[in-house]
Amino acid sequence: MTLRHHLLFALLLSLSSLTATAQDSIPDIDQWQILKGEAAKDPFAHKNQFTINFKQYTEGKDWAYPLPGGKVISPYGGKRHHGGTDIKTCPNDTIRAAFPGHVTLSAPHYGYGNAIIIRHANGLETLYSHQSKNLCKKGDWVWAGQPIGLTGRTGRATTEHLHFETRVNGKSFDSARLFDHANHCLWPYLFVFTKQGSGVKITYEK
Ligand SMILES: [Zn+2]
């Protein structure tokens, strides 16, 4: 082989390894079909309980922290009945999808500013708001860790941050039940979500 052939070969090798790495985190067609079927369902359509086992979740495939390196500046609840968890890094930082799923809203939405809602196959929904820019559109299918928006202060926000909500059945609950925000990971527990009236009761087994 000539030097040019060697260089071409090396380039092809590096390209194929890049492609393999990128594909590792993207589900194959069959997985997408399962995901699409599950994400379209109401988790309480046929029963009043469902489970999510985070012990079996792999980072980068099944989940990702929505704002890597972020610090919680305002938790859920409190006196102002905050419906989400405010996480801060810097302006225009990359926000990532927490789980694989279907984008059901990507638009300005009242005080939320530029908002995104993703419906996940595990029965949860996540909401991301105040983005300076949304990088996905309604109808998109996203994988865990896919960049979906940039942090901003659109809507009712006094600083650039991510307002992050975890929801079941359209109702938000404290994302700290599922995420260990200090360590940017999931609690490795088996969670049980039980329908109670219009709300949901969350219990877990270690
Ligand atoms: Zn907030």
# chains A, B, ... in the order shown; residues from 1 in each chain; ligands from 1
$ residues_near_ligand --ligand "ligand 1" --cutoff "6 Å" --atoms "only C-alpha atoms and all ligand atoms" --output "JSON, numbers by chain"
{"A": [84, 85, 86, 163]}
$ write_last_selection --atoms "C-alpha atoms" --output "tab-separated table (two decimals), in the first residue's frame"
chain	number	residue	atom	x	y	z
A	84	GLY	CA	-40.04	21.66	39.47
A	85	THR	CA	-36.36	21.62	40.33
A	86	ASP	CA	-34.24	24.59	39.20
A	163	HIS	CA	-36.61	24.31	35.37
$ residues_around --residues "segment 71-77 of chain A" --least-positions-apart "2" --cutoff "10 Å" --atoms "only C-alpha atoms" --output "PDB file with N, CA and C atoms, in the first residue's frame"
ATOM      1  N   LEU A  67     -28.908  18.141  33.042  1.00  0.00           N
ATOM      2  CA  LEU A  67     -27.962  19.260  32.880  1.00  0.00           C
ATOM      3  C   LEU A  67     -26.647  18.874  33.571  1.00  0.00           C
ATOM      4  N   PRO A  68     -25.770  18.172  32.843  1.00  0.00           N
ATOM      5  CA  PRO A  68     -24.529  17.681  33.453  1.00  0.00           C
ATOM      6  C   PRO A  68     -23.751  18.831  34.111  1.00  0.00           C
ATOM      7  N   GLY A  69     -23.282  18.594  35.318  1.00  0.00           N
ATOM      8  CA  GLY A  69     -22.520  19.626  36.024  1.00  0.00           C
ATOM      9  C   GLY A  69     -23.390  20.637  36.742  1.00  0.00           C
ATOM     10  N   LYS A  79     -42.584  27.061  50.033  1.00  0.00           N
ATOM     11  CA  LYS A  79     -43.659  28.039  50.225  1.00  0.00           C
ATOM     12  C   LYS A  79     -44.295  28.471  48.906  1.00  0.00           C
ATOM     13  N   ARG A  80     -43.483  28.556  47.851  1.00  0.00           N
ATOM     14  CA  ARG A  80     -44.062  29.033  46.587  1.00  0.00           C
ATOM     15  C   ARG A  80     -44.593  27.886  45.722  1.00  0.00           C
ATOM     16  N   HIS A  81     -44.708  26.693  46.335  1.00  0.00           N
ATOM     17  CA  HIS A  81     -45.257  25.525  45.637  1.00  0.00           C
ATOM     18  C   HIS A  81     -44.589  25.333  44.277  1.00  0.00           C
ATOM     19  N   HIS A  82     -43.281  25.375  44.287  1.00  0.00           N
ATOM     20  CA  HIS A  82     -42.504  25.236  43.067  1.00  0.00           C
ATOM     21  C   HIS A  82     -42.772  23.872  42.430  1.00  0.00           C
ATOM     22  N   GLY A  83     -43.162  23.875  41.168  1.00  0.00           N
ATOM     23  CA  GLY A  83     -43.551  22.624  40.501  1.00  0.00           C
ATOM     24  C   GLY A  83     -42.406  21.846  39.894  1.00  0.00           C
ATOM     25  N   GLY A  84     -41.177  22.355  40.079  1.00  0.00           N
ATOM     26  CA  GLY A  84     -40.041  21.657  39.473  1.00  0.00           C
ATOM     27  C   GLY A  84     -38.774  21.858  40.282  1.00  0.00           C
ATOM     28  N   THR A  85     -37.666  21.454  39.710  1.00  0.00           N
ATOM     29  CA  THR A  85     -36.356  21.618  40.333  1.00  0.00           C
ATOM     30  C   THR A  85     -35.553  22.553  39.434  1.00  0.00           C
ATOM     31  N   ASP A  86     -35.050  23.653  39.996  1.00  0.00           N
ATOM     32  CA  ASP A  86     -34.243  24.590  39.198  1.00  0.00           C
ATOM     33  C   ASP A  86     -32.774  24.197  39.288  1.00  0.00           C
ATOM     34  N   ILE A  87     -32.167  23.979  38.115  1.00  0.00           N
ATOM     35  CA  ILE A  87     -30.777  23.530  38.038  1.00  0.00           C
ATOM     36  C   ILE A  87     -29.992  24.544  37.205  1.00  0.00           C
ATOM     37  N   LYS A  88     -28.838  24.920  37.720  1.00  0.00           N
ATOM     38  CA  LYS A  88     -28.083  25.989  37.049  1.00  0.00           C
ATOM     39  C   LYS A  88     -26.652  25.573  36.697  1.00  0.00           C
ATOM     40  N   THR A  89     -26.223  25.993  35.522  1.00  0.00           N
ATOM     41  CA  THR A  89     -24.794  25.944  35.159  1.00  0.00           C
ATOM     42  C   THR A  89     -24.430  27.324  34.627  1.00  0.00           C
ATOM     43  N   HIS A 161     -31.353  29.260  33.768  1.00  0.00           N
ATOM     44  CA  HIS A 161     -31.332  27.967  34.454  1.00  0.00           C
ATOM     45  C   HIS A 161     -32.290  27.010  33.761  1.00  0.00           C
ATOM     46  N   LEU A 162     -32.249  25.752  34.175  1.00  0.00           N
ATOM     47  CA  LEU A 162     -33.212  24.758  33.704  1.00  0.00           C
ATOM     48  C   LEU A 162     -34.242  24.524  34.804  1.00  0.00           C
ATOM     49  N   HIS A 163     -35.518  24.729  34.483  1.00  0.00           N
ATOM     50  CA  HIS A 163     -36.605  24.307  35.373  1.00  0.00           C
ATOM     51  C   HIS A 163     -37.000  22.915  34.888  1.00  0.00           C
ATOM     52  N   PHE A 164     -36.731  21.904  35.705  1.00  0.00           N
ATOM     53  CA  PHE A 164     -36.916  20.502  35.316  1.00  0.00           C
ATOM     54  C   PHE A 164     -38.048  19.881  36.130  1.00  0.00           C
ATOM     55  N   GLU A 165     -38.996  19.272  35.436  1.00  0.00           N
ATOM     56  CA  GLU A 165     -40.097  18.591  36.135  1.00  0.00           C
ATOM     57  C   GLU A 165     -40.164  17.127  35.736  1.00  0.00           C
ATOM     58  N   SER A 172     -46.935  16.977  38.346  1.00  0.00           N
ATOM     59  CA  SER A 172     -45.509  16.952  38.660  1.00  0.00           C
ATOM     60  C   SER A 172     -45.283  16.442  40.081  1.00  0.00           C
ATOM     61  N   PHE A 173     -44.136  15.834  40.286  1.00  0.00           N
ATOM     62  CA  PHE A 173     -43.708  15.421  41.631  1.00  0.00           C
ATOM     63  C   PHE A 173     -42.231  15.775  41.752  1.00  0.00           C
ATOM     64  N   ASP A 174     -41.713  15.687  42.951  1.00  0.00           N
ATOM     65  CA  ASP A 174     -40.325  16.112  43.204  1.00  0.00           C
ATOM     66  C   ASP A 174     -39.332  15.212  42.447  1.00  0.00           C
ATOM     67  N   SER A 175     -38.573  15.817  41.531  1.00  0.00           N
ATOM     68  CA  SER A 175     -37.610  15.026  40.741  1.00  0.00           C
ATOM     69  C   SER A 175     -36.523  14.418  41.632  1.00  0.00           C
ATOM     70  N   ALA A 176     -36.346  14.985  42.840  1.00  0.00           N
ATOM     71  CA  ALA A 176     -35.343  14.438  43.779  1.00  0.00           C
ATOM     72  C   ALA A 176     -35.753  13.061  44.318  1.00  0.00           C
ATOM     73  N   HIS A 181     -29.595  14.581  42.875  1.00  0.00           N
ATOM     74  CA  HIS A 181     -29.097  15.776  42.171  1.00  0.00           C
ATOM     75  C   HIS A 181     -27.667  16.141  42.568  1.00  0.00           C
ATOM     76  N   ALA A 182     -27.279  15.812  43.800  1.00  0.00           N
ATOM     77  CA  ALA A 182     -25.924  16.156  44.243  1.00  0.00           C
ATOM     78  C   ALA A 182     -24.876  15.361  43.461  1.00  0.00           C
ATOM     79  N   ASN A 183     -25.231  14.134  43.120  1.00  0.00           N
ATOM     80  CA  ASN A 183     -24.274  13.271  42.413  1.00  0.00           C
ATOM     81  C   ASN A 183     -24.629  13.034  40.939  1.00  0.00           C
ATOM     82  N   HIS A 184     -25.656  13.767  40.453  1.00  0.00           N
ATOM     83  CA  HIS A 184     -26.052  13.684  39.046  1.00  0.00           C
ATOM     84  C   HIS A 184     -26.328  12.257  38.593  1.00  0.00           C
TER      85      HIS A 184
END
$ closest_atom_pairs --of "segment 24-135 of chain A" --to "segment 143-150 of chain A" --cutoff "12 Å" --atoms "only C-alpha atoms" --output "tab-separated table"
residue	atom	partner	partner_atom	distance
A:Asp24	CA	A:Trp143	CA	10.9
A:Ser25	CA	A:Trp143	CA	7.3
A:Ile26	CA	A:Trp143	CA	6.2
A:Pro27	CA	A:Trp143	CA	7.6
A:Asp28	CA	A:Trp143	CA	11.0
A:Gln31	CA	A:Trp143	CA	11.2
A:Trp32	CA	A:Trp143	CA	9.7
A:Leu35	CA	A:Trp143	CA	10.3
A:Lys36	CA	A:Trp143	CA	11.8
A:Tyr57	CA	A:Ala144	CA	11.0
A:Thr58	CA	A:Ala144	CA	10.0
A:Glu59	CA	A:Ala144	CA	8.3
A:Gly60	CA	A:Ala144	CA	6.0
A:Lys61	CA	A:Ala144	CA	5.9
A:Asp62	CA	A:Ala144	CA	5.9
A:Trp63	CA	A:Ala144	CA	5.0
A:Ala64	CA	A:Gly145	CA	5.0
A:Tyr65	CA	A:Gly145	CA	7.4
A:Pro66	CA	A:Gly145	CA	7.3
A:Leu67	CA	A:Gly145	CA	9.5
A:Pro68	CA	A:Gly145	CA	9.7
A:Lys88	CA	A:Leu150	CA	11.6
A:Thr89	CA	A:Leu150	CA	10.9
A:Cys90	CA	A:Leu150	CA	9.8
A:Pro91	CA	A:Leu150	CA	7.6
A:Asn92	CA	A:Leu150	CA	4.6
A:Asp93	CA	A:Leu150	CA	5.2
A:Thr94	CA	A:Leu150	CA	4.9
A:Ile95	CA	A:Gly149	CA	5.1
A:Arg96	CA	A:Pro147	CA	4.5
A:Ala97	CA	A:Gly145	CA	5.1
A:Ala98	CA	A:Ala144	CA	5.5
A:Phe99	CA	A:Ala144	CA	4.4
A:Pro100	CA	A:Trp143	CA	4.1
A:Gly101	CA	A:Trp143	CA	6.5
A:His102	CA	A:Trp143	CA	9.0
A:Val103	CA	A:Ile148	CA	9.6
A:Leu105	CA	A:Ile148	CA	11.7
A:Ser106	CA	A:Ile148	CA	9.5
A:Ala107	CA	A:Gly149	CA	11.2
A:Asn114	CA	A:Gly149	CA	9.1
A:Ala115	CA	A:Gly149	CA	9.0
A:Ile116	CA	A:Ile148	CA	8.2
A:Ile117	CA	A:Ile148	CA	10.4
A:Ile118	CA	A:Ile148	CA	10.1
A:Arg119	CA	A:Trp143	CA	11.5
A:His120	CA	A:Trp143	CA	9.9
A:Ala121	CA	A:Trp143	CA	11.2
A:Thr126	CA	A:Ala144	CA	11.8
A:Leu127	CA	A:Ile148	CA	11.2
A:Tyr128	CA	A:Gly149	CA	8.5
A:Ser129	CA	A:Gly149	CA	9.0
A:His130	CA	A:Leu150	CA	8.9
A:Gln131	CA	A:Leu150	CA	5.3
A:Ser132	CA	A:Leu150	CA	5.7
A:Lys133	CA	A:Leu150	CA	5.3
A:Asn134	CA	A:Gly149	CA	4.2
A:Leu135	CA	A:Ile148	CA	4.7
$ residues_around --residues "Phe193 of chain A" --least-positions-apart "6" --cutoff "12 Å" --atoms "only C-alpha atoms" --output "list of chain:residue names"
A:Pro43, A:Phe44, A:Lys47, A:Asn48, A:Gln49, A:Phe50, A:Thr51, A:Ile52, A:Asn53, A:Asn122, A:Gly123, A:Leu124, A:Arg167, A:Val168, A:Asn169, A:Phe173, A:Arg177, A:Leu178, A:Gly199, A:Val200, A:Lys201, A:Ile202, A:Thr203, A:Tyr204, A:Glu205
$ write_last_selection --atoms "C-alpha atoms" --output "short mmCIF file (atom, residue, chain, number, x, y, z; two decimals), in the first residue's frame"
data_model
loop_
_atom_site.label_atom_id
_atom_site.label_comp_id
_atom_site.auth_asym_id
_atom_site.auth_seq_id
_atom_site.Cartn_x
_atom_site.Cartn_y
_atom_site.Cartn_z
CA PRO A 43 -49.38 4.21 32.35
CA PHE A 44 -52.64 3.81 34.31
CA LYS A 47 -54.13 -0.91 36.01
CA ASN A 48 -53.65 1.49 38.90
CA GLN A 49 -49.97 0.69 39.39
CA PHE A 50 -46.73 0.49 37.41
CA THR A 51 -43.09 0.04 38.33
CA ILE A 52 -39.78 1.42 37.07
CA ASN A 53 -36.63 -0.42 38.04
CA ASN A 122 -41.36 4.00 31.34
CA GLY A 123 -44.60 5.93 32.01
CA LEU A 124 -43.00 9.22 33.10
CA ARG A 167 -44.47 14.05 35.92
CA VAL A 168 -46.89 11.14 36.00
CA ASN A 169 -50.37 11.43 34.58
CA PHE A 173 -43.71 15.42 41.63
CA ARG A 177 -37.43 11.31 44.44
CA LEU A 178 -35.80 9.81 41.33
CA GLY A 199 -52.57 12.10 42.01
CA VAL A 200 -49.95 9.40 42.39
CA LYS A 201 -48.28 7.74 45.35
CA ILE A 202 -44.61 6.84 44.91
CA THR A 203 -42.89 4.16 46.97
CA TYR A 204 -39.62 2.34 46.41
CA GLU A 205 -37.70 -0.77 47.35
#
$ atom_distance --atom1 "atom CA of Thr194 of chain A" --atom2 "atom CA of Ala45 of chain A"
12.2 Å
$ closest_residue --among "A:Asp180, A:Thr151, A:Glu125, A:Val192" --to "Thr166 of chain A" --atoms "only C-alpha atoms"
A:Glu125
$ atom_distance --atom1 "atom CA of Gly70 of chain A" --atom2 "atom CA of Thr154 of chain A"
18.5 Å
$ select_by_dssp --residues "chain A" --states "strand (DSSP E)" --output "number ranges by chain"
A: 49-53, 71-74, 85-88, 94-96, 101-108, 114-120, 125-131, 133-134, 141-142, 147-150, 162-168, 171-173, 179-180, 185-186, 190-196, 199-205
